[in-house]
Structures are given as structure tokens and as C-alpha cells.
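A.B. asks: For reference, this is final.cif, and it has mmCIF, C-alpha atoms.
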```cif
data_coords
loop_
_atom_site.group_PDB
_atom_site.id
_atom_site.type_symbol
_atom_site.label_atom_id
_atom_site.label_comp_id
_atom_site.auth_asym_id
_atom_site.auth_seq_id
_atom_site.Cartn_x
_atom_site.Cartn_y
_atom_site.Cartn_z
ATOM 1 C CA MET A 1 25.092 -75.451 -88.648
ATOM 2 C CA ALA A 2 22.821 -72.478 -89.212
ATOM 3 C CA ARG A 3 19.133 -71.905 -88.783
ATOM 4 C CA VAL A 4 17.097 -70.661 -91.711
ATOM 5 C CA VAL A 5 13.490 -69.640 -91.155
ATOM 6 C CA VAL A 6 10.774 -69.820 -93.795
ATOM 7 C CA ASP A 7 7.618 -67.879 -92.916
ATOM 8 C CA VAL A 8 4.577 -68.847 -94.973
ATOM 9 C CA MET A 9 1.511 -66.598 -94.819
ATOM 10 C CA LEU A 10 -1.707 -66.515 -96.819
ATOM 11 C CA LYS A 11 -1.623 -63.745 -99.427
ATOM 12 C CA PRO A 12 -3.361 -60.561 -98.214
ATOM 13 C CA GLU A 13 -6.243 -61.016 -100.670
ATOM 14 C CA ILE A 14 -6.968 -64.572 -99.452
ATOM 15 C CA LEU A 15 -9.509 -64.971 -96.643
ATOM 16 C CA ASP A 16 -7.933 -66.304 -93.433
ATOM 17 C CA PRO A 17 -10.674 -67.953 -91.322
ATOM 18 C CA GLN A 18 -8.177 -69.147 -88.683
ATOM 19 C CA GLY A 19 -6.874 -65.632 -88.139
ATOM 20 C CA GLN A 20 -10.411 -64.238 -88.130
ATOM 21 C CA ALA A 21 -11.471 -66.749 -85.486
ATOM 22 C CA VAL A 22 -8.585 -65.619 -83.283
ATOM 23 C CA GLN A 23 -9.346 -61.953 -83.888
ATOM 24 C CA ARG A 24 -13.038 -62.364 -83.017
ATOM 25 C CA ALA A 25 -12.254 -64.296 -79.869
ATOM 26 C CA LEU A 26 -9.888 -61.658 -78.465
ATOM 27 C CA PRO A 27 -12.453 -59.045 -77.289
ATOM 28 C CA ARG A 28 -14.469 -61.770 -75.562
ATOM 29 C CA LEU A 29 -11.300 -62.775 -73.725
ATOM 30 C CA GLY A 30 -10.611 -59.211 -72.657
ATOM 31 C CA PHE A 31 -8.060 -58.192 -75.280
ATOM 32 C CA ALA A 32 -9.116 -55.099 -77.210
ATOM 33 C CA GLY A 33 -7.268 -53.024 -79.799
ATOM 34 C CA ILE A 34 -6.263 -55.761 -82.246
ATOM 35 C CA ALA A 35 -7.611 -54.742 -85.650
ATOM 36 C CA ASP A 36 -6.611 -57.849 -87.581
ATOM 37 C CA VAL A 37 -4.967 -61.232 -87.081
ATOM 38 C CA ARG A 38 -3.424 -63.416 -89.800
ATOM 39 C CA GLN A 39 -2.202 -66.891 -88.955
ATOM 40 C CA GLY A 40 0.529 -68.613 -90.914
ATOM 41 C CA LYS A 41 3.245 -71.208 -90.678
ATOM 42 C CA ARG A 42 6.840 -70.905 -89.563
ATOM 43 C CA PHE A 43 9.434 -73.507 -90.592
ATOM 44 C CA GLU A 44 12.790 -73.604 -88.796
ATOM 45 C CA LEU A 45 15.360 -75.466 -90.910
ATOM 46 C CA GLU A 46 18.718 -76.551 -89.475
ATOM 47 C CA VAL A 47 21.015 -76.376 -92.478
ATOM 48 C CA GLU A 48 24.194 -78.441 -92.703
ATOM 49 C CA GLY A 49 27.219 -76.614 -94.055
ATOM 50 C CA PRO A 50 27.534 -72.946 -94.930
ATOM 51 C CA VAL A 51 24.455 -70.899 -95.719
ATOM 52 C CA ASP A 52 25.858 -69.304 -98.851
ATOM 53 C CA GLU A 53 24.003 -68.003 -101.880
ATOM 54 C CA ALA A 54 23.706 -71.479 -103.410
ATOM 55 C CA ALA A 55 22.201 -72.900 -100.215
ATOM 56 C CA LEU A 56 19.749 -70.017 -99.942
ATOM 57 C CA ALA A 57 18.740 -70.457 -103.586
ATOM 58 C CA ARG A 58 18.077 -74.131 -102.870
ATOM 59 C CA ILE A 59 16.005 -73.303 -99.783
ATOM 60 C CA HIS A 60 14.096 -70.693 -101.754
ATOM 61 C CA GLU A 61 13.278 -73.331 -104.376
ATOM 62 C CA MET A 62 12.270 -75.789 -101.620
ATOM 63 C CA ALA A 63 9.947 -73.216 -100.051
ATOM 64 C CA GLU A 64 8.424 -72.386 -103.408
ATOM 65 C CA THR A 65 7.797 -75.987 -104.497
ATOM 66 C CA PHE A 66 7.098 -77.695 -101.209
ATOM 67 C CA LEU A 67 6.610 -75.546 -98.100
ATOM 68 C CA ALA A 68 4.309 -72.912 -99.580
ATOM 69 C CA ASN A 69 1.401 -73.086 -101.992
ATOM 70 C CA THR A 70 2.353 -70.030 -104.007
ATOM 71 C CA VAL A 71 -1.102 -69.775 -105.555
ATOM 72 C CA ILE A 72 -2.507 -68.634 -102.214
ATOM 73 C CA GLU A 73 0.553 -68.129 -99.983
ATOM 74 C CA ASP A 74 3.563 -65.815 -99.800
ATOM 75 C CA PHE A 75 6.807 -66.864 -98.150
ATOM 76 C CA VAL A 76 9.901 -65.184 -96.755
ATOM 77 C CA VAL A 77 13.280 -66.896 -96.255
ATOM 78 C CA LYS A 78 15.452 -65.510 -93.433
ATOM 79 C CA VAL A 79 18.813 -66.623 -92.074
ATOM 80 C CA GLU A 80 18.181 -66.485 -88.353
ATOM 81 C CA SER A 81 21.369 -67.483 -86.561
ATOM 82 C CA GLU A 82 24.277 -69.821 -86.253
ATOM 83 C CA VAL A 83 23.234 -72.648 -83.940
ATOM 84 C CA PRO A 84 25.485 -72.871 -80.855
ATOM 85 C CA ALA A 85 28.160 -75.584 -81.014
ATOM 86 C CA GLU A 86 26.578 -77.838 -78.374
ATOM 87 C CA VAL A 87 23.454 -78.267 -80.497
ATOM 88 C CA GLN A 88 25.429 -79.481 -83.514
ATOM 89 C CA SER A 89 25.227 -83.167 -84.337
ATOM 90 C CA MET B 1 -1.136 -49.018 -86.803
ATOM 91 C CA ALA B 2 1.774 -51.383 -86.195
ATOM 92 C CA ARG B 3 2.347 -55.037 -86.858
ATOM 93 C CA VAL B 4 3.340 -57.288 -83.990
ATOM 94 C CA VAL B 5 4.368 -60.874 -84.737
ATOM 95 C CA VAL B 6 3.957 -63.764 -82.316
ATOM 96 C CA ASP B 7 5.947 -66.861 -83.277
ATOM 97 C CA VAL B 8 4.794 -70.043 -81.530
ATOM 98 C CA MET B 9 7.025 -73.120 -81.742
ATOM 99 C CA LEU B 10 6.917 -76.476 -79.969
ATOM 100 C CA LYS B 11 9.495 -76.627 -77.166
ATOM 101 C CA PRO B 12 12.757 -78.300 -78.302
ATOM 102 C CA GLU B 13 12.117 -81.344 -76.085
ATOM 103 C CA ILE B 14 8.645 -81.938 -77.600
ATOM 104 C CA LEU B 15 8.414 -84.271 -80.602
ATOM 105 C CA ASP B 16 7.327 -82.447 -83.765
ATOM 106 C CA PRO B 17 5.816 -85.003 -86.179
ATOM 107 C CA GLN B 18 4.823 -82.315 -88.714
ATOM 108 C CA GLY B 19 8.389 -81.028 -88.908
ATOM 109 C CA GLN B 20 9.739 -84.583 -89.083
ATOM 110 C CA ALA B 21 7.422 -85.413 -91.951
ATOM 111 C CA VAL B 22 8.727 -82.392 -93.859
ATOM 112 C CA GLN B 23 12.346 -83.245 -93.040
ATOM 113 C CA ARG B 24 11.976 -86.850 -94.222
ATOM 114 C CA ALA B 25 10.264 -85.826 -97.440
ATOM 115 C CA LEU B 26 13.030 -83.389 -98.460
ATOM 116 C CA PRO B 27 15.701 -85.913 -99.628
ATOM 117 C CA ARG B 28 13.091 -87.748 -101.695
ATOM 118 C CA LEU B 29 12.247 -84.442 -103.356
ATOM 119 C CA GLY B 30 15.892 -83.743 -104.120
ATOM 120 C CA PHE B 31 16.741 -81.388 -101.251
ATOM 121 C CA ALA B 32 19.686 -82.635 -99.199
ATOM 122 C CA GLY B 33 21.574 -81.011 -96.324
ATOM 123 C CA ILE B 34 18.662 -80.144 -94.023
ATOM 124 C CA ALA B 35 19.419 -81.740 -90.644
ATOM 125 C CA ASP B 36 16.190 -80.829 -88.893
ATOM 126 C CA VAL B 37 12.870 -79.110 -89.503
ATOM 127 C CA ARG B 38 10.507 -77.735 -86.868
ATOM 128 C CA GLN B 39 7.113 -76.396 -87.854
ATOM 129 C CA GLY B 40 5.281 -73.801 -85.837
ATOM 130 C CA LYS B 41 2.742 -71.015 -86.057
ATOM 131 C CA ARG B 42 3.139 -67.369 -86.907
ATOM 132 C CA PHE B 43 0.504 -64.817 -85.872
ATOM 133 C CA GLU B 44 0.572 -61.339 -87.412
ATOM 134 C CA LEU B 45 -1.402 -58.907 -85.263
ATOM 135 C CA GLU B 46 -2.354 -55.435 -86.507
ATOM 136 C CA VAL B 47 -2.367 -53.360 -83.345
ATOM 137 C CA GLU B 48 -4.411 -50.177 -83.033
ATOM 138 C CA GLY B 49 -2.660 -47.271 -81.365
ATOM 139 C CA PRO B 50 0.946 -47.075 -80.207
ATOM 140 C CA VAL B 51 2.896 -50.247 -79.487
ATOM 141 C CA ASP B 52 4.281 -49.090 -76.151
ATOM 142 C CA GLU B 53 5.340 -51.183 -73.185
ATOM 143 C CA ALA B 54 1.766 -51.518 -71.931
ATOM 144 C CA ALA B 55 0.556 -52.768 -75.316
ATOM 145 C CA LEU B 56 3.417 -55.240 -75.559
ATOM 146 C CA ALA B 57 2.716 -56.509 -72.053
ATOM 147 C CA ARG B 58 -0.906 -57.055 -73.061
ATOM 148 C CA ILE B 59 0.122 -58.915 -76.230
ATOM 149 C CA HIS B 60 2.560 -61.004 -74.210
ATOM 150 C CA GLU B 61 -0.259 -61.980 -71.851
ATOM 151 C CA MET B 62 -2.517 -62.743 -74.830
ATOM 152 C CA ALA B 63 0.125 -64.983 -76.389
ATOM 153 C CA GLU B 64 0.694 -66.748 -73.092
ATOM 154 C CA THR B 65 -2.957 -67.394 -72.315
ATOM 155 C CA PHE B 66 -4.456 -67.831 -75.746
ATOM 156 C CA LEU B 67 -2.102 -68.140 -78.739
ATOM 157 C CA ALA B 68 0.401 -70.584 -77.250
ATOM 158 C CA ASN B 69 0.021 -73.633 -75.060
ATOM 159 C CA THR B 70 2.950 -72.878 -72.772
ATOM 160 C CA VAL B 71 3.061 -76.441 -71.459
ATOM 161 C CA ILE B 72 4.424 -77.628 -74.815
ATOM 162 C CA GLU B 73 5.099 -74.422 -76.762
ATOM 163 C CA ASP B 74 7.452 -71.448 -76.568
ATOM 164 C CA PHE B 75 6.561 -68.088 -78.050
ATOM 165 C CA VAL B 76 8.373 -64.914 -79.097
ATOM 166 C CA VAL B 77 6.740 -61.486 -79.473
ATOM 167 C CA LYS B 78 8.343 -59.143 -82.026
ATOM 168 C CA VAL B 79 7.359 -55.671 -83.208
ATOM 169 C CA GLU B 80 7.741 -56.039 -86.944
ATOM 170 C CA SER B 81 6.920 -52.708 -88.572
ATOM 171 C CA GLU B 82 4.664 -49.768 -88.824
ATOM 172 C CA VAL B 83 1.988 -50.562 -91.380
ATOM 173 C CA PRO B 84 2.002 -48.059 -94.277
ATOM 174 C CA ALA B 85 -0.658 -45.359 -94.072
ATOM 175 C CA GLU B 86 -2.786 -46.644 -96.969
ATOM 176 C CA VAL B 87 -3.419 -49.918 -95.139
ATOM 177 C CA GLN B 88 -4.801 -48.143 -92.073
ATOM 178 C CA SER B 89 -8.544 -48.335 -91.536
#
```
Spit out the file's structure as C-alpha cells when you get a sec.

C.D. replies:
Amino acid sequence: MARVVVDVMLKPEILDPQGQAVQRALPRLGFAGIADVRQGKRFELEVEGPVDEAALARIHEMAETFLANTVIEDFVVKVESEVPAEVQS
Amino acid sequence: MARVVVDVMLKPEILDPQGQAVQRALPRLGFAGIADVRQGKRFELEVEGPVDEAALARIHEMAETFLANTVIEDFVVKVESEVPAEVQS
């Protein structure tokens, strides 16, 4: 089994109030030097079987139709790692 | 300016109802072969100045005290990339 990660972030031109709230809170909490914060979602998918081109195409389609709202969000699909044997079901 | 990413995920032993909801919806939507889904948060920080060890230590502390709830969440800090010059303020 392999882990595939889908990162979903708001497009750069879309306002991100969550990220802004974090960024504005940082100086008050003593953390300076962070010019911008964007907050998004990270999905970790445990994929059964080989992560070949067909599987990645399917995951790409899944991300596009279901995990991300492509009107306002961008997404990136990454194969992260083979899951160690003891985690397999 | 450089981009540092903080990924915050629920610890493996903590139930993730959001991820479960996604995982259960997938077969209905025609996507089979996904054994598990975990959903977490991704923070993209634009850091002013060099991302040296001191800066990373500061970001690590920030993630630990503010971005993640370390009772139930794990986090990973990654230096992603130098931001291209035209994006700099």
C-alpha cells in the first residue's frame, strides 16, 4: 500500500481569511518575520495496489471533482511513500 | 523570501471523522481502492530573510504552540522553495 498526498490550497488571487487571521496573530504572540500565511487542506490517501499512472490519473480526477473546488482552489498530487508492511491491512 | 510549509495532521491514534467521511463517499462516487483517508491542515508561510537554523527553530516553536494542538496533532516543518523574485514585496 502506498500513500498519496493531495494538497489543496486557495488560488493565489483568492482572499484567505483563515491564513490572514493566523498571520495577524503571529506578531502579537511574539513571532515576527512572517510576511504571509496561506492555510489549506492536506489529504493523505492510503491507496490499495500499485500507484501506477492509471491510479494517479484516477486520484487526479478524484481531487479535481471531489477534494478541491477548482473554481477557487489549486491542488497538487504527490506520491509520498510506501507504507511500512506492519501498517498494511 | 522563502516558503516554509507546516503540515498538521491528527495523530494516527485519533479518530478523523472528516477523513472517514471522505473515504466513505469515494466508492459511491465511483472511486474504489482507497483504503484510508486522513484530512489535515497545510500552512504555507512566506518567511522574510534567510531560512537558517534559528528561523526554523522559531517556526518549529510557532507550529508547536500555535498552529498545531500537539495533544492530538502531529506536525512537520518543511522548507519548500525560494519564492521567485517578482513575488517579493

A.B. asks: Using only C-alpha atoms, determine which residues of chain A fall within 10 Å of chain B; present them as a VMD selection string.

C.D. replies: chain A and resid 1 to 9 19 22 to 23 25 to 26 29 to 49 55 58 to 59 61 to 62 65 to 67 88 to 89

A.B. asks: Please measure the separation of CA of Phe75 (chain A) and CA of Lys11 (chain B), giving the value in Å to one decimal.

C.D. replies: 23.3 Å

A.B. asks: In Å, with one decimal, what is the gap from CA of Ala63 (chain A) to CA of Leu15 (chain A)?

C.D. replies: 21.4 Å

A.B. asks: Just the number, please: distance in Å from CA of Ala21 (chain B) to CA of Thr70 (chain A), one decimal.

C.D. replies: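 CA of Thr70 (chain A) lies at a distance of 20.2 Å from CA of Ala21 (chain B).
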
A.B. asks: If we count all atoms listed in the file and set the cut-off at 10 Å, which residues sit around Val71 (chain B), ignoring sequence neighbours fewer than 3 positions away in its own chain? Please answer as a PyMOL selection string.

C.D. replies: chain B and resi 10-11+14+68+74
